[in-house]
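Report on one structure; see the data block that follows.
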Amino acid sequence: MPTPRTSRNGARRSVTIEDVARSAGVSRQTVSRAINDKPEIDPQTRAHVLQVAQTLGYRPNRHARGMAGSSLTTLGLVVADVLNPFFPEVVAGVMDAADERGWQVAVYSTGSALEREQTVAATIADHVDACIGYFDDDTAVERVRASGIPLVLLDHDTRPPGVGGVRIDFEAGMRQALGHLTGAGHRRIVMLDDQGRDDAAAPRTRHHLFRSLVTEYGLDPAETWVVPVANSVQGGADGMDRVLADHPDATAVLGYNDLITVGALRRARERGLVVPDDCAFVGCDGLALAELVEPPLTTLYVDKRQVGRAAVEQVAALLRGGPAQPETVIVPSLVVRQST
């Protein structure tokens with residue numbers, strides 16, 4: 001049974017929300033939701049928390065009561081770059097699913113900067129009831145997790161206990177892309193990989209997948225190459241210049257995403273190559289711009305709205321006080337167009 005809290009000199013001190021959370025075996029945010037009668041919490045969990053709070057003698061201060069008095073759930077969404085056309089569709093999926101529940105969404109952009117990730121992680125719990133996010137920095141993930149708010153990670157390599165996750169199955173996508181290219185007779189394939197924040201960044205997951213699968217598809221590792229580039233249309237164009245200089249016998253390019261691949265395809269045509277006769281191109285993400293280049297780009301389509309909706313479903317389960325659900329996996333589908 002919980003006991004009243006005392007200070008070091010033996011005097012009784014005010015019971016805090018952290019005391020209630022610790023004694024009830026729940027997160028700080030779950031206590032806040034129970035105390036302020038917010039929705040999306042399991043009734044039994046609410047009753048348990050209120051009983052513990054009463055036993056401890058917890059009294060919310062007037063300022064905290066005013067700050068948390070609204071029953072409206074606020075969901076924080078952290079994305080890397082709002083200017084990247086991949087993310088607005090994810091945001092739209094989150095907003096659609098949140099609106100159906102009467103929630104509001106606050107969007108935070110980190111600009112793909114680790115310092116900004118840390119800043120967001122340090123402050124987000126003060127403003128939202130739960131968080132969905134793209135995080136590169138494990139330290140930032142741990143800061144959000146330690147704050148006690150429900151957390152769902154998007155496309156993160158690891159998932160700490162109690163944290164939800166939505167992941168795109170890029171291995172399935174890479175298999176579709178390589179099967180399509182090798183089926184068309186391509187044997188010398190270049191992958192244009194996102195170099196990350198700088199040239200010294202560790203290779204991305206898609207880089208490792210490409211390397212691990214080439215022999216399975218009958219390719220000679222010595223005749224398949226990875227070229228790291230900046231994650232932009234210009235980065236793809238610059239990367240294609242390097243391909244033509246260093247690997248002029250390559251017959252196909254597989255891009256980390258559509259932005260990079262569109263830049264590479266356009267530069268190839270500027271340099272006099274006929275697409276797909278001289279070089280074929282496959283992108284990834286299924287952005288609308290893939291249909292607007294000439295020739296239209298073959299791509300691995302990802303249902304980005306479904307990514308957002310699935311993340312909200314996981315948040316809803318966590319807000320009800322339940323355990324983290326199994327990771328949701330989104331499988332890309334190959335959309336074949338004239339670039340191959």
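Every chain in the structure tokens has a letter given in the order shown (A, B, ...), and although residue numbers restart at 1 in each chain, ligands are simply numbered from 1 in the order shown.
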
_Taking 5 positions as the minimum chain separation for residues in the same chain, which residues sit within 7 Å of A:Gly236 when counting only C-alpha atoms? Answer as number ranges by chain._
A: 229, 260-261, 263-264

For the residues in that selection, give me N, CA, C and O atoms as a PDB file, in the first residue's frame.
ATOM      1  N   VAL A 229      25.337  10.087 -51.817  1.00  0.00           N
ATOM      2  CA  VAL A 229      25.016  11.408 -52.354  1.00  0.00           C
ATOM      3  C   VAL A 229      24.182  12.183 -51.346  1.00  0.00           C
ATOM      4  O   VAL A 229      23.615  11.616 -50.411  1.00  0.00           O
ATOM      5  N   ILE A 260      16.366  11.742 -55.074  1.00  0.00           N
ATOM      6  CA  ILE A 260      17.704  11.457 -55.593  1.00  0.00           C
ATOM      7  C   ILE A 260      17.621  10.889 -57.007  1.00  0.00           C
ATOM      8  O   ILE A 260      18.369  11.287 -57.909  1.00  0.00           O
ATOM      9  N   THR A 261      16.696   9.960 -57.232  1.00  0.00           N
ATOM     10  CA  THR A 261      16.620   9.277 -58.520  1.00  0.00           C
ATOM     11  C   THR A 261      16.156  10.208 -59.631  1.00  0.00           C
ATOM     12  O   THR A 261      16.642  10.119 -60.769  1.00  0.00           O
ATOM     13  N   GLY A 263      16.779  13.401 -59.791  1.00  0.00           N
ATOM     14  CA  GLY A 263      17.955  14.195 -60.144  1.00  0.00           C
ATOM     15  C   GLY A 263      18.917  13.439 -61.022  1.00  0.00           C
ATOM     16  O   GLY A 263      19.477  13.991 -61.988  1.00  0.00           O
ATOM     17  N   ALA A 264      19.120  12.150 -60.704  1.00  0.00           N
ATOM     18  CA  ALA A 264      20.030  11.329 -61.506  1.00  0.00           C
ATOM     19  C   ALA A 264      19.490  11.107 -62.914  1.00  0.00           C
ATOM     20  O   ALA A 264      20.236  11.192 -63.902  1.00  0.00           O
TER      21      ALA A 264
END

_Residues within 12 Å of A:Gln51, please, as a count of residues only. Count only C-alpha atoms; anything in the same chain fewer than 2 positions from it doesn't count._
21

Which stretch 78-165 of chain A residues have any atom within 12 Å of an atom of stretch 328-340 of chain A, and for each, what is the nearest pair of atoms with distance in Å to one decimal, counting only C-alpha atoms, rows sorted by chain and number, as CSV?
residue,atom,partner,partner_atom,distance
A:Val152,CA,A:Thr328,CA,10.5
A:Leu153,CA,A:Thr328,CA,10.5
A:Leu154,CA,A:Thr328,CA,9.6
A:Asp155,CA,A:Val329,CA,9.5
A:His156,CA,A:Val329,CA,11.8
A:Arg159,CA,A:Thr328,CA,12.0
A:Gly164,CA,A:Thr328,CA,8.6
A:Gly165,CA,A:Thr328,CA,6.3

*Within 8 Å of A:Pro203, counting only C-alpha atoms, which residues qualify if same-chain residues fewer than 5 places away don't, as a ChimeraX atom specification?*
/A:193,195,208

Could those residues be written to a file, using C-alpha atoms, as an mmCIF file, in the first residue's frame?
data_model
loop_
_atom_site.group_PDB
_atom_site.id
_atom_site.type_symbol
_atom_site.label_atom_id
_atom_site.label_comp_id
_atom_site.auth_asym_id
_atom_site.auth_seq_id
_atom_site.Cartn_x
_atom_site.Cartn_y
_atom_site.Cartn_z
ATOM 1 C CA ASP A 193 22.620 6.051 -51.305
ATOM 2 C CA GLN A 195 25.057 9.915 -47.403
ATOM 3 C CA HIS A 208 23.350 -2.865 -46.418
#

*Find the spatial neighbours of A:Leu151, counting only C-alpha atoms, within a cut-off of 8 Å - ignore same-chain residues fewer than 2 positions away - and output them as a ChimeraX atom specification.*
/A:130-133,144-145,149,153,163-164,315

Export, as a JSON list (two decimals), in the first residue's frame, the selected residues with N, CA, C and O atoms.
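part.json, freshly written:
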[["chain", "number", "residue", "atom", "x", "y", "z"],
["A", 130, "ALA", "N", 1.29, 12.72, -26.34],
["A", 130, "ALA", "CA", 1.96, 11.56, -26.92],
["A", 130, "ALA", "C", 2.80, 12.03, -28.09],
["A", 130, "ALA", "O", 2.61, 13.14, -28.61],
["A", 131, "CYS", "N", 3.73, 11.18, -28.54],
["A", 131, "CYS", "CA", 4.66, 11.58, -29.60],
["A", 131, "CYS", "C", 4.80, 10.48, -30.64],
["A", 131, "CYS", "O", 4.94, 9.30, -30.30],
["A", 132, "ILE", "N", 4.75, 10.87, -31.91],
["A", 132, "ILE", "CA", 5.12, 10.02, -33.05],
["A", 132, "ILE", "C", 6.32, 10.69, -33.70],
["A", 132, "ILE", "O", 6.31, 11.90, -33.89],
["A", 133, "GLY", "N", 7.36, 9.92, -34.02],
["A", 133, "GLY", "CA", 8.51, 10.65, -34.55],
["A", 133, "GLY", "C", 9.51, 9.85, -35.35],
["A", 133, "GLY", "O", 9.70, 8.65, -35.16],
["A", 144, "VAL", "N", 12.73, 11.30, -24.80],
["A", 144, "VAL", "CA", 11.28, 11.32, -24.94],
["A", 144, "VAL", "C", 10.67, 10.18, -24.14],
["A", 144, "VAL", "O", 9.68, 10.35, -23.43],
["A", 145, "ARG", "N", 11.26, 9.01, -24.25],
["A", 145, "ARG", "CA", 10.75, 7.83, -23.54],
["A", 145, "ARG", "C", 10.77, 8.06, -22.03],
["A", 145, "ARG", "O", 9.82, 7.72, -21.32],
["A", 149, "ILE", "N", 5.68, 10.10, -21.73],
["A", 149, "ILE", "CA", 4.58, 10.17, -22.70],
["A", 149, "ILE", "C", 4.67, 8.98, -23.65],
["A", 149, "ILE", "O", 5.76, 8.51, -23.96],
["A", 153, "LEU", "N", 7.81, 5.20, -32.73],
["A", 153, "LEU", "CA", 8.91, 5.54, -33.62],
["A", 153, "LEU", "C", 8.60, 5.12, -35.05],
["A", 153, "LEU", "O", 8.03, 4.06, -35.28],
["A", 163, "VAL", "N", 7.76, 1.07, -26.31],
["A", 163, "VAL", "CA", 7.65, 2.05, -27.39],
["A", 163, "VAL", "C", 7.03, 1.39, -28.62],
["A", 163, "VAL", "O", 7.39, 0.27, -28.97],
["A", 164, "GLY", "N", 6.09, 2.08, -29.26],
["A", 164, "GLY", "CA", 5.48, 1.56, -30.48],
["A", 164, "GLY", "C", 6.37, 1.82, -31.69],
["A", 164, "GLY", "O", 7.35, 2.56, -31.62],
["A", 315, "VAL", "N", -0.53, 4.81, -30.99],
["A", 315, "VAL", "CA", -0.62, 5.80, -29.91],
["A", 315, "VAL", "C", -1.90, 5.61, -29.11],
["A", 315, "VAL", "O", -1.90, 5.66, -27.87]]

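The neighbours of A:Glu117 here are the residues that come within 8 Å of it, using only C-alpha atoms and leaving out any residue fewer than 6 positions away in the same chain; they are Thr110, Phe135, Asp137 and Ala140 of chain A.
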
*Could you pull out the residues in stretch 73-285 of chain A that DSSP calls strand (DSSP E or B) from the backbone, as number ranges by chain?*
A: 74-79, 104-109, 130-133, 151-154, 164-168, 189-194, 224-229, 252-255, 280-285

Skipping near chain neighbours, those fewer than 4 positions away, what residues fall within 10 Å of A:Phe210 using only C-alpha atoms, listed as a PDB file with N, CA, C and O atoms, in the first residue's frame?
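Result file follows (out_0.pdb):
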ATOM      1  N   PHE A 170      11.868  -2.325 -46.269  1.00  0.00           N
ATOM      2  CA  PHE A 170      12.687  -2.024 -47.438  1.00  0.00           C
ATOM      3  C   PHE A 170      13.369  -3.256 -48.014  1.00  0.00           C
ATOM      4  O   PHE A 170      13.765  -3.257 -49.173  1.00  0.00           O
ATOM      5  N   GLU A 171      13.488  -4.319 -47.220  1.00  0.00           N
ATOM      6  CA  GLU A 171      14.037  -5.548 -47.794  1.00  0.00           C
ATOM      7  C   GLU A 171      13.094  -6.101 -48.854  1.00  0.00           C
ATOM      8  O   GLU A 171      13.516  -6.473 -49.954  1.00  0.00           O
ATOM      9  N   MET A 174      13.439  -3.819 -51.832  1.00  0.00           N
ATOM     10  CA  MET A 174      14.693  -4.015 -52.560  1.00  0.00           C
ATOM     11  C   MET A 174      14.642  -5.291 -53.387  1.00  0.00           C
ATOM     12  O   MET A 174      15.151  -5.332 -54.516  1.00  0.00           O
ATOM     13  N   ARG A 175      14.014  -6.324 -52.860  1.00  0.00           N
ATOM     14  CA  ARG A 175      13.881  -7.565 -53.624  1.00  0.00           C
ATOM     15  C   ARG A 175      13.044  -7.345 -54.886  1.00  0.00           C
ATOM     16  O   ARG A 175      13.358  -7.876 -55.957  1.00  0.00           O
ATOM     17  N   LEU A 178      15.317  -5.305 -57.400  1.00  0.00           N
ATOM     18  CA  LEU A 178      16.388  -6.103 -58.002  1.00  0.00           C
ATOM     19  C   LEU A 178      15.824  -7.196 -58.904  1.00  0.00           C
ATOM     20  O   LEU A 178      16.393  -7.500 -59.956  1.00  0.00           O
ATOM     21  N   VAL A 190      24.097   0.411 -60.091  1.00  0.00           N
ATOM     22  CA  VAL A 190      24.604   1.356 -59.096  1.00  0.00           C
ATOM     23  C   VAL A 190      23.469   1.744 -58.163  1.00  0.00           C
ATOM     24  O   VAL A 190      22.352   2.023 -58.605  1.00  0.00           O
ATOM     25  N   MET A 191      23.756   1.776 -56.853  1.00  0.00           N
ATOM     26  CA  MET A 191      22.808   2.343 -55.902  1.00  0.00           C
ATOM     27  C   MET A 191      23.308   3.718 -55.492  1.00  0.00           C
ATOM     28  O   MET A 191      24.462   3.878 -55.069  1.00  0.00           O
ATOM     29  N   ASP A 193      23.038   6.137 -52.703  1.00  0.00           N
ATOM     30  CA  ASP A 193      22.620   6.051 -51.305  1.00  0.00           C
ATOM     31  C   ASP A 193      22.647   7.426 -50.650  1.00  0.00           C
ATOM     32  O   ASP A 193      23.488   8.269 -50.970  1.00  0.00           O
ATOM     33  N   THR A 205      20.498   1.743 -43.950  1.00  0.00           N
ATOM     34  CA  THR A 205      19.981   0.371 -43.989  1.00  0.00           C
ATOM     35  C   THR A 205      19.832  -0.117 -45.424  1.00  0.00           C
ATOM     36  O   THR A 205      20.143  -1.274 -45.737  1.00  0.00           O
ATOM     37  N   ARG A 206      19.377   0.752 -46.320  1.00  0.00           N
ATOM     38  CA  ARG A 206      19.173   0.320 -47.709  1.00  0.00           C
ATOM     39  C   ARG A 206      20.477  -0.033 -48.405  1.00  0.00           C
ATOM     40  O   ARG A 206      20.516  -0.893 -49.273  1.00  0.00           O
ATOM     41  N   VAL A 214      22.695  -8.623 -53.616  1.00  0.00           N
ATOM     42  CA  VAL A 214      23.133  -8.666 -55.012  1.00  0.00           C
ATOM     43  C   VAL A 214      23.527 -10.073 -55.462  1.00  0.00           C
ATOM     44  O   VAL A 214      23.199 -10.500 -56.584  1.00  0.00           O
ATOM     45  N   THR A 215      24.242 -10.817 -54.611  1.00  0.00           N
ATOM     46  CA  THR A 215      24.646 -12.165 -55.022  1.00  0.00           C
ATOM     47  C   THR A 215      23.446 -13.094 -55.139  1.00  0.00           C
ATOM     48  O   THR A 215      23.427 -13.990 -55.971  1.00  0.00           O
ATOM     49  N   THR A 224      28.666  -4.209 -59.001  1.00  0.00           N
ATOM     50  CA  THR A 224      27.584  -3.433 -58.399  1.00  0.00           C
ATOM     51  C   THR A 224      28.246  -2.432 -57.459  1.00  0.00           C
ATOM     52  O   THR A 224      29.187  -2.778 -56.748  1.00  0.00           O
ATOM     53  N   TRP A 225      27.759  -1.213 -57.452  1.00  0.00           N
ATOM     54  CA  TRP A 225      28.438  -0.146 -56.724  1.00  0.00           C
ATOM     55  C   TRP A 225      27.442   0.669 -55.912  1.00  0.00           C
ATOM     56  O   TRP A 225      26.267   0.761 -56.260  1.00  0.00           O
ATOM     57  N   VAL A 226      27.938   1.266 -54.821  1.00  0.00           N
ATOM     58  CA  VAL A 226      27.147   2.196 -54.023  1.00  0.00           C
ATOM     59  C   VAL A 226      27.848   3.546 -54.037  1.00  0.00           C
ATOM     60  O   VAL A 226      29.037   3.647 -53.714  1.00  0.00           O
ATOM     61  N   LEU A 254      19.647   2.470 -59.026  1.00  0.00           N
ATOM     62  CA  LEU A 254      18.627   2.296 -58.000  1.00  0.00           C
ATOM     63  C   LEU A 254      18.847   3.381 -56.962  1.00  0.00           C
ATOM     64  O   LEU A 254      19.905   3.455 -56.339  1.00  0.00           O
TER      65      LEU A 254
END

*Once DSSP has gone over the backbone, tell me which residues of stretch 102-196 of chain A are in helix (DSSP H, G or I), as number ranges by chain.*
A: 114-126, 138-146, 170-183

Please, which residues in stretch 63-161 of chain A fall within 12 Å of stretch 283-301 of chain A when counting only C-alpha atoms, and what is the closest atom pair and distance in Å to one decimal for each, ordered by chain then residue number, as a Markdown table?
| residue | atom | partner | partner_atom | distance |
| --- | --- | --- | --- | --- |
| A:Asn84 | CA | A:Leu287 | CA | 10.1 |
| A:Pro85 | CA | A:Leu287 | CA | 7.1 |
| A:Phe86 | CA | A:Leu287 | CA | 6.7 |
| A:Phe87 | CA | A:Leu287 | CA | 10.2 |
| A:Pro88 | CA | A:Leu287 | CA | 10.7 |
| A:Glu89 | CA | A:Leu287 | CA | 9.3 |
| A:Val90 | CA | A:Asp285 | CA | 11.4 |

Just-selected residues, all heavy atoms written as a tab-separated table (two decimals), in the first residue's frame:
chain	number	residue	atom	x	y	z
A	84	ASN	N	10.78	18.06	-47.56
A	84	ASN	CA	10.89	16.80	-48.30
A	84	ASN	C	9.48	16.30	-48.59
A	84	ASN	O	8.69	16.09	-47.67
A	84	ASN	CB	11.67	15.78	-47.46
A	84	ASN	CG	11.91	14.48	-48.19
A	84	ASN	OD1	11.06	13.98	-48.92
A	84	ASN	ND2	13.09	13.91	-48.00
A	85	PRO	N	9.11	16.10	-49.87
A	85	PRO	CA	7.72	15.76	-50.20
A	85	PRO	C	7.26	14.41	-49.66
A	85	PRO	O	6.07	14.11	-49.75
A	85	PRO	CB	7.70	15.79	-51.73
A	85	PRO	CG	9.12	15.66	-52.16
A	85	PRO	CD	9.95	16.30	-51.08
A	86	PHE	N	8.15	13.62	-49.10
A	86	PHE	CA	7.72	12.37	-48.47
A	86	PHE	C	6.90	12.66	-47.21
A	86	PHE	O	5.88	12.01	-46.97
A	86	PHE	CB	8.95	11.53	-48.11
A	86	PHE	CG	8.63	10.23	-47.41
A	86	PHE	CD1	8.40	9.07	-48.13
A	86	PHE	CD2	8.55	10.15	-46.02
A	86	PHE	CE1	8.10	7.87	-47.48
A	86	PHE	CE2	8.25	8.96	-45.37
A	86	PHE	CZ	8.03	7.82	-46.11
A	87	PHE	N	7.35	13.62	-46.41
A	87	PHE	CA	6.78	13.80	-45.08
A	87	PHE	C	5.38	14.41	-45.05
A	87	PHE	O	4.58	14.05	-44.18
A	87	PHE	CB	7.75	14.60	-44.20
A	87	PHE	CG	9.01	13.84	-43.90
A	87	PHE	CD1	10.23	14.26	-44.43
A	87	PHE	CD2	9.00	12.71	-43.12
A	87	PHE	CE1	11.39	13.57	-44.17
A	87	PHE	CE2	10.15	12.00	-42.84
A	87	PHE	CZ	11.35	12.43	-43.38
A	88	PRO	N	5.02	15.35	-45.94
A	88	PRO	CA	3.66	15.88	-45.86
A	88	PRO	C	2.56	14.83	-45.97
A	88	PRO	O	1.51	14.97	-45.35
A	88	PRO	CB	3.61	16.86	-47.05
A	88	PRO	CG	5.02	17.33	-47.18
A	88	PRO	CD	5.85	16.11	-46.88
A	89	GLU	N	2.81	13.76	-46.74
A	89	GLU	CA	1.79	12.71	-46.83
A	89	GLU	C	1.69	11.92	-45.54
A	89	GLU	O	0.61	11.47	-45.15
A	89	GLU	CB	2.09	11.80	-48.02
A	89	GLU	CG	1.89	12.46	-49.38
A	89	GLU	CD	1.89	11.46	-50.51
A	89	GLU	OE1	1.09	10.50	-50.45
A	89	GLU	OE2	2.70	11.62	-51.44
A	90	VAL	N	2.83	11.71	-44.86
A	90	VAL	CA	2.78	11.07	-43.54
A	90	VAL	C	2.02	11.96	-42.57
A	90	VAL	O	1.16	11.49	-41.81
A	90	VAL	CB	4.20	10.80	-43.01
A	90	VAL	CG1	4.14	10.21	-41.60
A	90	VAL	CG2	4.96	9.85	-43.94

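Note that atom CA of A:Gly111 and atom CA of A:Arg267 are 26.3 Å apart.
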
*To one decimal in Å, tell me the separation between atom CA of A:Met240 and atom CA of A:Leu192.*
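About the pair atom CA of A:Met240 and atom CA of A:Leu192: they are 8.3 Å apart.
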
*Figure out the distance between atom CA of A:Leu77 and atom CA of A:Val107, please, to one decimal in Å.*
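Distance reported for this atom pair: 4.8 Å.
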